Amino acid sequence: MLRIDSRALAALYLLAVLPAGAALHVYLWKSETAWEDVYYAWVEGHRILVMENPYARILDGDMRENRKYATYFPLFYELSSLAQLAGLRQYGQWIALWRFAFLLFDMGITVLMFYIPYQRRMPSLAVFGTMFWLFNRWTLHVTEVAHIDFIPILFLLWSLALFGTHRRWALLLISLSLGMKQIAIFVVPLYLIWVWQDTRESQLKEVLKAGALIASVPALASLPFIIWNMRAFVLSILFSVTRSPEGHFGVMSVDTYLGLDGFLARLPMLGLLALSYWLVWRRTVGMYTAVLLVLAAFTGFNPVLFRVYLAWLTPFLPLAVCDSTPPGMLGASTSERVASS
């Protein structure tokens with residue numbers, strides 16, 4: 001009787017599901033993206049190309065009303081400018097390139113959604129994870145509007161997958177995620193806690209080194225704009241903290257009902273985030289569950305909520321199941337938990 005090796009079966013599965021998922025996502029490329037956020041990433045790249053500071057427009061605003069300011073760290077804006085410098089000056093040409101790049105990162109996330117449970121001997125969860133990622137509404141929406149989120153999400157997932165075995169690479173990858181889009185900023189305290197817990201000596205020194213490595217990509221990418229106009233850059237990055245409540249769903253966060261505004265409106269979210277960090281500090285939850293809690297607090301309590309935010313939460317719904325470790329391992333270090341799986 002013919003017996004197929006499990007690794008060959010896994011490869012055959014990926015060879016089937018990746019083209020099917022890619023075909024559906026490519027079908028969604030027909031959607032118009034002019035005036036979506038990705039269009040303004042093209043605009044900011046053009047501004048850099050003509051030596052216009054993309055962050056300077058914030059100086060004419062009130063730090064409340066959103067006027068499509070440049071609010072991300074500049075790494076993608078710089079890549080946008082380089083693509084235009086290479087000859088893709090028209091938006092149609094430019095978005096055609098980036099749609100293809102986004103698809104590659106999308107498929108990369110799919111591979112990780114399979115690999116992470118599979119290497120923990122959870123093949124059924126690996127199949128569920130890939131299907132859940134490829135075909136859920138939030139992933140499809142990101143493809144449809146061509147947001148950049150697949151790039152930082154892939155770097156975040158890849159970072160988590162490597163943390164237990166290749167820590168420096170993991171820290172560099174989370175840095176790349178932040179450089180593209182800083183939603184993962186809320187996950188950074190988890191990394192610092194894990195580094196502290198996994199270090200036997202010179203814990204503070206190792207945490208500081210980890211923090212410096214995490215900050216490296218955003219800092220290096222931002223340095224020209226800090227030199228150019230520090231006030232404009234800082235206010236643009238801080239705009240996400242002070243902007244008025246806004247979203248796609250027509251539902252209010254609890255701060256609105258409490259009459260909180262500005263930074264105070266973020267206090268309920270910050271309280272839940274602090275509790276999530278405490279659970280990690282106490283080794284109560286595993287790695288992927290911890291990230292799920294942090295992103296759930298962000299999406300459930302942040303006064304500003306857009307559809308693409310849900311794509312960040314999506315991978316960790318199935319991956320949190322991977323934290324089902326053998327008895328006695330829940331209090332082990334991150335490296336020990338990874339090594340045991």
# chains A, B, ... in the order shown; residues from 1 in each chain; ligands from 1
>>> select_by_dssp(residues="region 214-278 of chain A", states="helix (DSSP H, G or I)", output="tab-separated table (two decimals) with all heavy atoms, in the first residue's frame")
chain	number	residue	atom	x	y	z
A	214	ILE	N	14.91	46.69	18.39
A	214	ILE	CA	13.53	46.87	17.95
A	214	ILE	C	13.32	48.27	17.37
A	214	ILE	O	12.60	48.46	16.39
A	214	ILE	CB	12.55	46.61	19.11
A	214	ILE	CG1	12.56	45.12	19.48
A	214	ILE	CG2	11.13	47.06	18.76
A	214	ILE	CD1	11.76	44.79	20.73
A	215	ALA	N	13.95	49.25	17.98
A	215	ALA	CA	13.78	50.64	17.53
A	215	ALA	C	14.63	50.98	16.31
A	215	ALA	O	14.44	52.04	15.71
A	215	ALA	CB	14.13	51.59	18.67
A	216	SER	N	15.53	50.09	15.92
A	216	SER	CA	16.55	50.45	14.93
A	216	SER	C	15.97	50.84	13.57
A	216	SER	O	16.35	51.88	13.01
A	216	SER	CB	17.55	49.31	14.78
A	216	SER	OG	16.91	48.12	14.31
A	217	VAL	N	15.09	50.02	13.02
A	217	VAL	CA	14.58	50.31	11.67
A	217	VAL	C	13.74	51.59	11.65
A	217	VAL	O	13.98	52.47	10.81
A	217	VAL	CB	13.79	49.11	11.11
A	217	VAL	CG1	13.11	49.48	9.79
A	217	VAL	CG2	14.73	47.92	10.91
A	218	PRO	N	12.74	51.74	12.56
A	218	PRO	CA	12.01	53.01	12.56
A	218	PRO	C	12.91	54.23	12.78
A	218	PRO	O	12.72	55.27	12.15
A	218	PRO	CB	11.01	52.86	13.71
A	218	PRO	CG	10.85	51.39	13.88
A	218	PRO	CD	12.18	50.80	13.55
A	219	ALA	N	13.91	54.08	13.66
A	219	ALA	CA	14.79	55.21	13.95
A	219	ALA	C	15.63	55.59	12.73
A	219	ALA	O	15.73	56.78	12.38
A	219	ALA	CB	15.70	54.87	15.13
A	220	LEU	N	16.22	54.61	12.08
A	220	LEU	CA	17.06	54.90	10.91
A	220	LEU	C	16.22	55.46	9.76
A	220	LEU	O	16.65	56.39	9.06
A	220	LEU	CB	17.79	53.63	10.47
A	220	LEU	CG	18.90	53.15	11.41
A	220	LEU	CD1	19.44	51.79	10.97
A	220	LEU	CD2	20.04	54.17	11.49
A	221	ALA	N	15.04	54.89	9.55
A	221	ALA	CA	14.18	55.38	8.47
A	221	ALA	C	13.68	56.80	8.76
A	221	ALA	O	13.47	57.59	7.83
A	221	ALA	CB	12.99	54.43	8.28
A	222	SER	N	13.50	57.11	10.04
A	222	SER	CA	12.92	58.40	10.43
A	222	SER	C	13.95	59.51	10.55
A	222	SER	O	13.59	60.69	10.54
A	222	SER	CB	12.19	58.27	11.77
A	222	SER	OG	11.18	57.27	11.71
A	223	LEU	N	15.22	59.14	10.68
A	223	LEU	CA	16.26	60.13	10.96
A	223	LEU	C	16.27	61.31	9.97
A	223	LEU	O	16.34	62.47	10.40
A	223	LEU	CB	17.63	59.45	10.99
A	223	LEU	CG	18.81	60.33	11.39
A	223	LEU	CD1	18.58	60.91	12.79
A	223	LEU	CD2	20.11	59.53	11.36
A	224	PRO	N	16.16	61.07	8.64
A	224	PRO	CA	16.16	62.23	7.73
A	224	PRO	C	15.02	63.20	8.00
A	224	PRO	O	15.19	64.42	7.86
A	224	PRO	CB	16.02	61.58	6.35
A	224	PRO	CG	16.51	60.18	6.54
A	224	PRO	CD	16.12	59.79	7.92
A	225	PHE	N	13.86	62.67	8.39
A	225	PHE	CA	12.69	63.54	8.62
A	225	PHE	C	12.76	64.22	9.98
A	225	PHE	O	12.23	65.32	10.14
A	225	PHE	CB	11.42	62.71	8.47
A	225	PHE	CG	11.28	62.09	7.12
A	225	PHE	CD1	11.70	60.78	6.90
A	225	PHE	CD2	10.79	62.82	6.05
A	225	PHE	CE1	11.60	60.20	5.64
A	225	PHE	CE2	10.69	62.26	4.79
A	225	PHE	CZ	11.11	60.95	4.58
A	226	ILE	N	13.41	63.58	10.93
A	226	ILE	CA	13.64	64.23	12.22
A	226	ILE	C	14.58	65.41	12.04
A	226	ILE	O	14.37	66.50	12.60
A	226	ILE	CB	14.21	63.21	13.23
A	226	ILE	CG1	13.16	62.13	13.54
A	226	ILE	CG2	14.66	63.91	14.51
A	226	ILE	CD1	13.68	60.99	14.39
A	227	ILE	N	15.61	65.22	11.23
A	227	ILE	CA	16.54	66.32	10.94
A	227	ILE	C	15.84	67.40	10.14
A	227	ILE	O	16.05	68.60	10.36
A	227	ILE	CB	17.78	65.78	10.19
A	227	ILE	CG1	18.56	64.81	11.07
A	227	ILE	CG2	18.66	66.93	9.71
A	227	ILE	CD1	19.68	64.09	10.35
A	228	TRP	N	15.01	66.99	9.20
A	228	TRP	CA	14.32	67.92	8.30
A	228	TRP	C	13.38	68.84	9.09
A	228	TRP	O	13.43	70.05	8.95
A	228	TRP	CB	13.54	67.11	7.28
A	228	TRP	CG	13.06	67.87	6.08
A	228	TRP	CD1	12.97	69.22	5.92
A	228	TRP	CD2	12.59	67.30	4.86
A	228	TRP	NE1	12.47	69.53	4.68
A	228	TRP	CE2	12.23	68.36	4.01
A	228	TRP	CE3	12.43	65.99	4.40
A	228	TRP	CZ2	11.71	68.16	2.73
A	228	TRP	CZ3	11.93	65.78	3.13
A	228	TRP	CH2	11.58	66.85	2.30
A	229	ASN	N	12.53	68.25	9.92
A	229	ASN	CA	11.59	69.04	10.73
A	229	ASN	C	11.09	68.14	11.86
A	229	ASN	O	10.12	67.41	11.71
A	229	ASN	CB	10.42	69.53	9.88
A	229	ASN	CG	9.56	70.55	10.62
A	229	ASN	OD1	9.39	70.48	11.83
A	229	ASN	ND2	9.01	71.50	9.87
A	230	MET	N	11.77	68.20	12.99
A	230	MET	CA	11.46	67.31	14.10
A	230	MET	C	10.04	67.52	14.61
A	230	MET	O	9.31	66.55	14.90
A	230	MET	CB	12.45	67.51	15.25
A	230	MET	CG	12.15	66.62	16.46
A	230	MET	SD	13.24	66.89	17.85
A	230	MET	CE	14.77	66.22	17.21
A	231	ARG	N	9.62	68.75	14.73
A	231	ARG	CA	8.28	69.04	15.27
A	231	ARG	C	7.20	68.44	14.38
A	231	ARG	O	6.25	67.81	14.88
A	231	ARG	CB	8.08	70.55	15.41
A	231	ARG	CG	6.73	70.93	16.03
A	231	ARG	CD	6.70	72.40	16.43
A	231	ARG	NE	5.41	72.75	16.99
A	231	ARG	CZ	4.40	73.27	16.30
A	231	ARG	NH1	4.57	73.52	14.98
A	231	ARG	NH2	3.27	73.56	16.88
A	232	ALA	N	7.33	68.60	13.08
A	232	ALA	CA	6.33	68.05	12.16
A	232	ALA	C	6.29	66.53	12.25
A	232	ALA	O	5.21	65.92	12.26
A	232	ALA	CB	6.64	68.49	10.73
A	233	PHE	N	7.46	65.91	12.34
A	233	PHE	CA	7.50	64.46	12.41
A	233	PHE	C	6.87	63.95	13.69
A	233	PHE	O	6.03	63.03	13.67
A	233	PHE	CB	8.95	63.98	12.31
A	233	PHE	CG	9.10	62.49	12.46
A	233	PHE	CD1	8.82	61.65	11.39
A	233	PHE	CD2	9.49	61.93	13.67
A	233	PHE	CE1	8.93	60.27	11.52
A	233	PHE	CE2	9.61	60.56	13.80
A	233	PHE	CZ	9.32	59.73	12.73
A	234	VAL	N	7.23	64.53	14.83
A	234	VAL	CA	6.71	64.08	16.12
A	234	VAL	C	5.20	64.26	16.19
A	234	VAL	O	4.46	63.37	16.63
A	234	VAL	CB	7.42	64.81	17.28
A	234	VAL	CG1	6.73	64.51	18.60
A	234	VAL	CG2	8.88	64.42	17.33
A	235	LEU	N	4.71	65.42	15.75
A	235	LEU	CA	3.27	65.66	15.79
A	235	LEU	C	2.51	64.70	14.87
A	235	LEU	O	1.42	64.25	15.21
A	235	LEU	CB	2.97	67.11	15.40
A	235	LEU	CG	3.37	68.18	16.41
A	235	LEU	CD1	3.04	69.57	15.88
A	235	LEU	CD2	2.69	67.96	17.76
A	236	SER	N	3.08	64.38	13.73
A	236	SER	CA	2.43	63.45	12.80
A	236	SER	C	2.30	62.07	13.42
A	236	SER	O	1.26	61.40	13.31
A	236	SER	CB	3.21	63.36	11.49
A	236	SER	OG	3.16	64.59	10.78
A	237	ILE	N	3.36	61.59	14.08
A	237	ILE	CA	3.32	60.28	14.72
A	237	ILE	C	2.35	60.29	15.90
A	237	ILE	O	1.63	59.31	16.14
A	237	ILE	CB	4.73	59.85	15.16
A	237	ILE	CG1	5.67	59.76	13.95
A	237	ILE	CG2	4.68	58.52	15.90
A	237	ILE	CD1	5.21	58.80	12.87
A	238	LEU	N	2.30	61.41	16.64
A	238	LEU	CA	1.42	61.51	17.80
A	238	LEU	C	-0.03	61.74	17.43
A	238	LEU	O	-0.92	61.63	18.29
A	238	LEU	CB	1.90	62.63	18.73
A	238	LEU	CG	3.20	62.38	19.49
A	238	LEU	CD1	3.54	63.61	20.34
A	238	LEU	CD2	3.07	61.15	20.37
A	239	PHE	N	-0.30	62.05	16.17
A	239	PHE	CA	-1.67	62.34	15.77
A	239	PHE	C	-2.62	61.17	16.06
A	239	PHE	O	-3.79	61.38	16.40
A	239	PHE	CB	-1.72	62.69	14.27
A	239	PHE	CG	-3.10	62.96	13.75
A	239	PHE	CD1	-3.77	64.12	14.11
A	239	PHE	CD2	-3.74	62.05	12.92
A	239	PHE	CE1	-5.06	64.37	13.64
A	239	PHE	CE2	-5.03	62.29	12.44
A	239	PHE	CZ	-5.68	63.46	12.80
A	240	SER	N	-2.12	59.95	15.98
A	240	SER	CA	-2.96	58.78	16.25
A	240	SER	C	-3.46	58.76	17.69
A	240	SER	O	-4.47	58.11	17.99
A	240	SER	CB	-2.18	57.50	15.96
A	240	SER	OG	-1.82	57.43	14.58
A	241	VAL	N	-2.75	59.47	18.58
A	241	VAL	CA	-3.13	59.50	19.99
A	241	VAL	C	-4.17	60.58	20.27
A	241	VAL	O	-4.98	60.46	21.19
A	241	VAL	CB	-1.89	59.72	20.88
A	241	VAL	CG1	-2.25	59.78	22.35
A	241	VAL	CG2	-0.86	58.64	20.61
A	242	THR	N	-4.18	61.63	19.47
A	242	THR	CA	-5.04	62.79	19.76
A	242	THR	C	-6.23	62.94	18.82
A	242	THR	O	-7.13	63.73	19.10
A	242	THR	CB	-4.21	64.09	19.69
A	242	THR	OG1	-3.71	64.26	18.35
A	242	THR	CG2	-3.03	64.03	20.65
A	254	VAL	N	-15.95	52.49	24.54
A	254	VAL	CA	-16.46	52.84	25.87
A	254	VAL	C	-16.07	54.25	26.28
A	254	VAL	O	-16.82	54.92	27.01
A	254	VAL	CB	-15.96	51.80	26.91
A	254	VAL	CG1	-14.45	51.87	27.07
A	254	VAL	CG2	-16.66	51.98	28.24
A	255	ASP	N	-14.94	54.75	25.81
A	255	ASP	CA	-14.52	56.10	26.18
A	255	ASP	C	-15.51	57.16	25.73
A	255	ASP	O	-15.69	58.18	26.39
A	255	ASP	CB	-13.13	56.40	25.58
A	255	ASP	CG	-13.10	56.16	24.08
A	255	ASP	OD1	-12.90	55.00	23.68
A	255	ASP	OD2	-13.30	57.10	23.32
A	256	THR	N	-16.16	56.91	24.59
A	256	THR	CA	-17.15	57.87	24.08
A	256	THR	C	-18.33	57.96	25.04
A	256	THR	O	-18.82	59.05	25.35
A	256	THR	CB	-17.64	57.44	22.68
A	256	THR	OG1	-16.51	57.33	21.81
A	256	THR	CG2	-18.62	58.46	22.11
A	257	TYR	N	-18.79	56.81	25.54
A	257	TYR	CA	-19.91	56.81	26.49
A	257	TYR	C	-19.52	57.44	27.82
A	257	TYR	O	-20.37	58.00	28.53
A	257	TYR	CB	-20.40	55.38	26.71
A	257	TYR	CG	-20.99	54.75	25.47
A	257	TYR	CD1	-20.34	53.71	24.83
A	257	TYR	CD2	-22.20	55.21	24.93
A	257	TYR	CE1	-20.86	53.12	23.67
A	257	TYR	CE2	-22.73	54.64	23.78
A	257	TYR	CZ	-22.05	53.59	23.16
A	257	TYR	OH	-22.58	53.04	22.02
A	258	LEU	N	-18.23	57.36	28.16
A	258	LEU	CA	-17.76	57.96	29.40
A	258	LEU	C	-17.42	59.43	29.25
A	258	LEU	O	-17.08	60.10	30.23
A	258	LEU	CB	-16.51	57.20	29.90
A	258	LEU	CG	-16.73	55.74	30.30
A	258	LEU	CD1	-15.39	55.10	30.67
A	258	LEU	CD2	-17.70	55.64	31.46
A	262	GLY	N	-9.39	62.86	23.64
A	262	GLY	CA	-7.95	62.96	23.48
A	262	GLY	C	-7.23	61.78	24.09
A	262	GLY	O	-7.63	60.62	23.95
A	263	PHE	N	-6.15	62.08	24.84
A	263	PHE	CA	-5.37	61.00	25.47
A	263	PHE	C	-6.20	60.24	26.48
A	263	PHE	O	-6.06	59.01	26.63
A	263	PHE	CB	-4.12	61.58	26.13
A	263	PHE	CG	-3.34	60.56	26.90
A	263	PHE	CD1	-2.55	59.62	26.24
A	263	PHE	CD2	-3.40	60.51	28.29
A	263	PHE	CE1	-1.83	58.66	26.94
A	263	PHE	CE2	-2.68	59.55	29.00
A	263	PHE	CZ	-1.90	58.63	28.33
A	264	LEU	N	-7.09	60.93	27.21
A	264	LEU	CA	-7.93	60.26	28.21
A	264	LEU	C	-8.80	59.18	27.60
A	264	LEU	O	-9.10	58.18	28.25
A	264	LEU	CB	-8.81	61.29	28.94
A	264	LEU	CG	-8.08	62.30	29.83
A	264	LEU	CD1	-9.08	63.28	30.43
A	264	LEU	CD2	-7.31	61.59	30.94
A	265	ALA	N	-9.17	59.38	26.33
A	265	ALA	CA	-10.00	58.38	25.65
A	265	ALA	C	-9.25	57.07	25.45
A	265	ALA	O	-9.86	56.02	25.23
A	265	ALA	CB	-10.47	58.93	24.31
A	266	ARG	N	-7.93	57.12	25.53
A	266	ARG	CA	-7.13	55.89	25.36
A	266	ARG	C	-6.89	55.16	26.67
A	266	ARG	O	-6.33	54.06	26.67
A	266	ARG	CB	-5.77	56.23	24.74
A	266	ARG	CG	-5.76	56.34	23.21
A	266	ARG	CD	-6.47	57.54	22.69
A	266	ARG	NE	-6.48	57.57	21.22
A	266	ARG	CZ	-7.12	58.51	20.51
A	266	ARG	NH1	-7.83	59.46	21.13
A	266	ARG	NH2	-7.09	58.47	19.20
A	267	LEU	N	-7.32	55.71	27.79
A	267	LEU	CA	-7.05	55.10	29.09
A	267	LEU	C	-7.69	53.71	29.25
A	267	LEU	O	-7.03	52.80	29.78
A	267	LEU	CB	-7.49	56.03	30.22
A	267	LEU	CG	-6.62	57.29	30.41
A	267	LEU	CD1	-7.15	58.14	31.55
A	267	LEU	CD2	-5.16	56.91	30.66
A	268	PRO	N	-8.96	53.51	28.84
A	268	PRO	CA	-9.50	52.14	28.95
A	268	PRO	C	-8.67	51.13	28.17
A	268	PRO	O	-8.41	50.02	28.66
A	268	PRO	CB	-10.92	52.28	28.37
A	268	PRO	CG	-11.28	53.70	28.61
A	268	PRO	CD	-10.01	54.47	28.42
A	269	MET	N	-8.25	51.49	26.96
A	269	MET	CA	-7.40	50.59	26.18
A	269	MET	C	-6.07	50.35	26.87
A	269	MET	O	-5.61	49.20	26.97
A	269	MET	CB	-7.17	51.17	24.78
A	269	MET	CG	-6.28	50.31	23.89
A	269	MET	SD	-5.90	51.09	22.29
A	269	MET	CE	-4.72	52.36	22.81
A	270	LEU	N	-5.46	51.40	27.38
A	270	LEU	CA	-4.17	51.26	28.05
A	270	LEU	C	-4.30	50.39	29.29
A	270	LEU	O	-3.38	49.63	29.63
A	270	LEU	CB	-3.61	52.63	28.40
A	270	LEU	CG	-3.23	53.52	27.21
A	270	LEU	CD1	-2.79	54.90	27.68
A	270	LEU	CD2	-2.11	52.87	26.39
A	271	GLY	N	-5.44	50.50	29.99
A	271	GLY	CA	-5.65	49.66	31.17
A	271	GLY	C	-5.71	48.19	30.80
A	271	GLY	O	-5.10	47.34	31.48
A	272	LEU	N	-6.42	47.85	29.73
A	272	LEU	CA	-6.49	46.45	29.28
A	272	LEU	C	-5.13	45.97	28.79
A	272	LEU	O	-4.75	44.82	29.01
A	272	LEU	CB	-7.53	46.31	28.17
A	272	LEU	CG	-8.94	45.87	28.58
A	272	LEU	CD1	-8.94	44.43	29.05
A	272	LEU	CD2	-9.53	46.78	29.65
A	273	LEU	N	-4.39	46.84	28.11
A	273	LEU	CA	-3.05	46.47	27.65
A	273	LEU	C	-2.14	46.17	28.85
A	273	LEU	O	-1.39	45.18	28.84
A	273	LEU	CB	-2.45	47.59	26.80
A	273	LEU	CG	-3.06	47.79	25.42
A	273	LEU	CD1	-2.50	49.05	24.77
A	273	LEU	CD2	-2.81	46.58	24.53
A	274	ALA	N	-2.22	47.02	29.88
A	274	ALA	CA	-1.40	46.80	31.06
A	274	ALA	C	-1.73	45.46	31.71
A	274	ALA	O	-0.83	44.74	32.16
A	274	ALA	CB	-1.60	47.95	32.06
A	275	LEU	N	-3.01	45.11	31.74
A	275	LEU	CA	-3.41	43.82	32.31
A	275	LEU	C	-2.87	42.67	31.46
A	275	LEU	O	-2.44	41.64	31.99
A	275	LEU	CB	-4.93	43.74	32.41
A	275	LEU	CG	-5.51	42.48	33.05
A	275	LEU	CD1	-4.93	42.26	34.44
A	275	LEU	CD2	-7.04	42.57	33.11
A	276	SER	N	-2.86	42.84	30.14
A	276	SER	CA	-2.30	41.82	29.26
A	276	SER	C	-0.81	41.62	29.55
A	276	SER	O	-0.33	40.48	29.62
A	276	SER	CB	-2.49	42.23	27.79
A	276	SER	OG	-3.85	42.40	27.47
A	277	TYR	N	-0.08	42.73	29.73
A	277	TYR	CA	1.34	42.63	30.02
A	277	TYR	C	1.57	41.94	31.38
A	277	TYR	O	2.52	41.17	31.54
A	277	TYR	CB	1.99	44.01	30.02
A	277	TYR	CG	1.80	44.79	28.74
A	277	TYR	CD1	1.66	46.17	28.75
A	277	TYR	CD2	1.74	44.15	27.50
A	277	TYR	CE1	1.48	46.89	27.57
A	277	TYR	CE2	1.56	44.85	26.32
A	277	TYR	CZ	1.42	46.22	26.37
A	277	TYR	OH	1.24	46.93	25.20
A	278	TRP	N	0.69	42.22	32.33
A	278	TRP	CA	0.81	41.59	33.64
A	278	TRP	C	0.62	40.08	33.54
A	278	TRP	O	1.34	39.31	34.18
A	278	TRP	CB	-0.21	42.19	34.60
A	278	TRP	CG	-0.27	41.50	35.94
A	278	TRP	CD1	-1.28	40.74	36.44
A	278	TRP	CD2	0.73	41.53	36.96
A	278	TRP	NE1	-0.98	40.29	37.69
A	278	TRP	CE2	0.26	40.76	38.05
A	278	TRP	CE3	2.00	42.13	37.06
A	278	TRP	CZ2	0.99	40.56	39.20
A	278	TRP	CZ3	2.73	41.93	38.22
A	278	TRP	CH2	2.23	41.16	39.27
>>> closest_atom_pairs(of="region 115-230 of chain A", to="region 12-21 of chain A", cutoff="12 Å", atoms="only C-alpha atoms", output="tab-separated table")
residue	atom	partner	partner_atom	distance
A:Tyr115	CA	A:Leu14	CA	10.2
A:Tyr118	CA	A:Leu14	CA	12.0
A:Pro123	CA	A:Tyr13	CA	10.9
A:Ser124	CA	A:Tyr13	CA	11.7
A:Ala126	CA	A:Leu14	CA	10.4
A:Val127	CA	A:Tyr13	CA	8.4
A:Phe128	CA	A:Val17	CA	11.5
A:Gly129	CA	A:Val17	CA	11.6
A:Thr130	CA	A:Val17	CA	8.1
A:Met131	CA	A:Val17	CA	8.1
A:Phe132	CA	A:Gly21	CA	10.9
A:Trp133	CA	A:Gly21	CA	9.6
A:Leu134	CA	A:Gly21	CA	5.9
A:Phe135	CA	A:Gly21	CA	7.3
A:Asn136	CA	A:Gly21	CA	10.9
A:Thr139	CA	A:Gly21	CA	10.8
A:Leu140	CA	A:Gly21	CA	9.9
A:Thr143	CA	A:Gly21	CA	11.3
>>> write_last_selection(atoms="N, CA and C atoms", output="PDB file, in the first residue's frame")
ATOM      1  N   TYR A 115       2.807  26.621   8.887  1.00  0.00           N
ATOM      2  CA  TYR A 115       4.044  26.113   9.481  1.00  0.00           C
ATOM      3  C   TYR A 115       3.999  26.134  11.011  1.00  0.00           C
ATOM      4  N   TYR A 118       1.883  23.361  12.337  1.00  0.00           N
ATOM      5  CA  TYR A 118       2.368  22.072  11.840  1.00  0.00           C
ATOM      6  C   TYR A 118       3.621  21.626  12.585  1.00  0.00           C
ATOM      7  N   PRO A 123      -1.503  19.337  12.671  1.00  0.00           N
ATOM      8  CA  PRO A 123      -1.776  19.487  11.239  1.00  0.00           C
ATOM      9  C   PRO A 123      -3.193  19.970  10.928  1.00  0.00           C
ATOM     10  N   SER A 124      -4.166  19.542  11.703  1.00  0.00           N
ATOM     11  CA  SER A 124      -5.540  19.993  11.459  1.00  0.00           C
ATOM     12  C   SER A 124      -5.668  21.497  11.695  1.00  0.00           C
ATOM     13  N   ALA A 126      -3.217  23.546  11.383  1.00  0.00           N
ATOM     14  CA  ALA A 126      -2.471  24.165  10.283  1.00  0.00           C
ATOM     15  C   ALA A 126      -3.371  24.364   9.069  1.00  0.00           C
ATOM     16  N   VAL A 127      -4.176  23.372   8.755  1.00  0.00           N
ATOM     17  CA  VAL A 127      -5.117  23.485   7.634  1.00  0.00           C
ATOM     18  C   VAL A 127      -6.165  24.557   7.941  1.00  0.00           C
ATOM     19  N   PHE A 128      -6.704  24.517   9.158  1.00  0.00           N
ATOM     20  CA  PHE A 128      -7.699  25.527   9.545  1.00  0.00           C
ATOM     21  C   PHE A 128      -7.104  26.924   9.455  1.00  0.00           C
ATOM     22  N   GLY A 129      -5.863  27.089   9.950  1.00  0.00           N
ATOM     23  CA  GLY A 129      -5.237  28.409   9.967  1.00  0.00           C
ATOM     24  C   GLY A 129      -5.067  28.999   8.587  1.00  0.00           C
ATOM     25  N   THR A 130      -4.636  28.175   7.628  1.00  0.00           N
ATOM     26  CA  THR A 130      -4.454  28.697   6.271  1.00  0.00           C
ATOM     27  C   THR A 130      -5.788  29.074   5.642  1.00  0.00           C
ATOM     28  N   MET A 131      -6.791  28.221   5.817  1.00  0.00           N
ATOM     29  CA  MET A 131      -8.115  28.524   5.264  1.00  0.00           C
ATOM     30  C   MET A 131      -8.706  29.774   5.919  1.00  0.00           C
ATOM     31  N   PHE A 132      -8.538  29.848   7.217  1.00  0.00           N
ATOM     32  CA  PHE A 132      -9.093  30.982   7.959  1.00  0.00           C
ATOM     33  C   PHE A 132      -8.439  32.283   7.517  1.00  0.00           C
ATOM     34  N   TRP A 133      -7.123  32.257   7.331  1.00  0.00           N
ATOM     35  CA  TRP A 133      -6.433  33.472   6.909  1.00  0.00           C
ATOM     36  C   TRP A 133      -6.793  33.858   5.481  1.00  0.00           C
ATOM     37  N   LEU A 134      -6.715  32.916   4.557  1.00  0.00           N
ATOM     38  CA  LEU A 134      -6.873  33.233   3.137  1.00  0.00           C
ATOM     39  C   LEU A 134      -8.266  33.715   2.778  1.00  0.00           C
ATOM     40  N   PHE A 135      -9.285  33.178   3.415  1.00  0.00           N
ATOM     41  CA  PHE A 135     -10.643  33.384   2.906  1.00  0.00           C
ATOM     42  C   PHE A 135     -11.560  34.138   3.859  1.00  0.00           C
ATOM     43  N   ASN A 136     -11.045  34.641   4.994  1.00  0.00           N
ATOM     44  CA  ASN A 136     -11.935  35.418   5.867  1.00  0.00           C
ATOM     45  C   ASN A 136     -12.115  36.828   5.306  1.00  0.00           C
ATOM     46  N   THR A 139      -9.125  39.626   5.676  1.00  0.00           N
ATOM     47  CA  THR A 139      -7.998  39.465   4.754  1.00  0.00           C
ATOM     48  C   THR A 139      -8.399  39.883   3.346  1.00  0.00           C
ATOM     49  N   LEU A 140      -9.566  39.435   2.905  1.00  0.00           N
ATOM     50  CA  LEU A 140     -10.036  39.786   1.567  1.00  0.00           C
ATOM     51  C   LEU A 140     -10.212  41.297   1.428  1.00  0.00           C
ATOM     52  N   THR A 143      -6.882  42.976   0.809  1.00  0.00           N
ATOM     53  CA  THR A 143      -6.510  42.799  -0.600  1.00  0.00           C
ATOM     54  C   THR A 143      -7.311  43.730  -1.493  1.00  0.00           C
TER      55      THR A 143
END
>>> atom_distance(atom1="CA of Tyr309 (chain A)", atom2="CA of Met122 (chain A)")
27.3 Å
>>> closest_residue(among="A:Leu49, A:Leu310, A:Ile193, A:Val251", to="Arg282 (chain A)", atoms="only C-alpha atoms")
A:Ile193
>>> residues_around(residues="region 99-104 of chain A", least_positions_apart="6", cutoff="10 Å", atoms="only C-alpha atoms", output="ChimeraX atom specification")
/A:21-22,25-26,29,110,142-151
>>> residues_around(residues="Ile174 (chain A)", least_positions_apart="5", cutoff="8 Å", atoms="only C-alpha atoms", output="list in words")
Phe155, Leu156, Ser159, Ala184 and Ile214 of chain A
>>> write_last_selection(atoms="N, CA and C atoms", output="PDB file, in the first residue's frame")
ATOM      1  N   PHE A 155       5.937  40.304   8.920  1.00  0.00           N
ATOM      2  CA  PHE A 155       7.133  40.494   9.734  1.00  0.00           C
ATOM      3  C   PHE A 155       6.850  40.187  11.209  1.00  0.00           C
ATOM      4  N   LEU A 156       5.667  40.555  11.698  1.00  0.00           N
ATOM      5  CA  LEU A 156       5.302  40.265  13.080  1.00  0.00           C
ATOM      6  C   LEU A 156       5.200  38.758  13.315  1.00  0.00           C
ATOM      7  N   SER A 159       8.569  37.091  13.115  1.00  0.00           N
ATOM      8  CA  SER A 159       9.323  37.426  14.316  1.00  0.00           C
ATOM      9  C   SER A 159       8.938  36.516  15.478  1.00  0.00           C
ATOM     10  N   ALA A 184       2.027  47.242  15.629  1.00  0.00           N
ATOM     11  CA  ALA A 184       2.712  46.279  16.504  1.00  0.00           C
ATOM     12  C   ALA A 184       3.423  46.947  17.668  1.00  0.00           C
ATOM     13  N   ILE A 214      14.906  46.693  18.392  1.00  0.00           N
ATOM     14  CA  ILE A 214      13.529  46.867  17.949  1.00  0.00           C
ATOM     15  C   ILE A 214      13.319  48.269  17.372  1.00  0.00           C
TER      16      ILE A 214
END
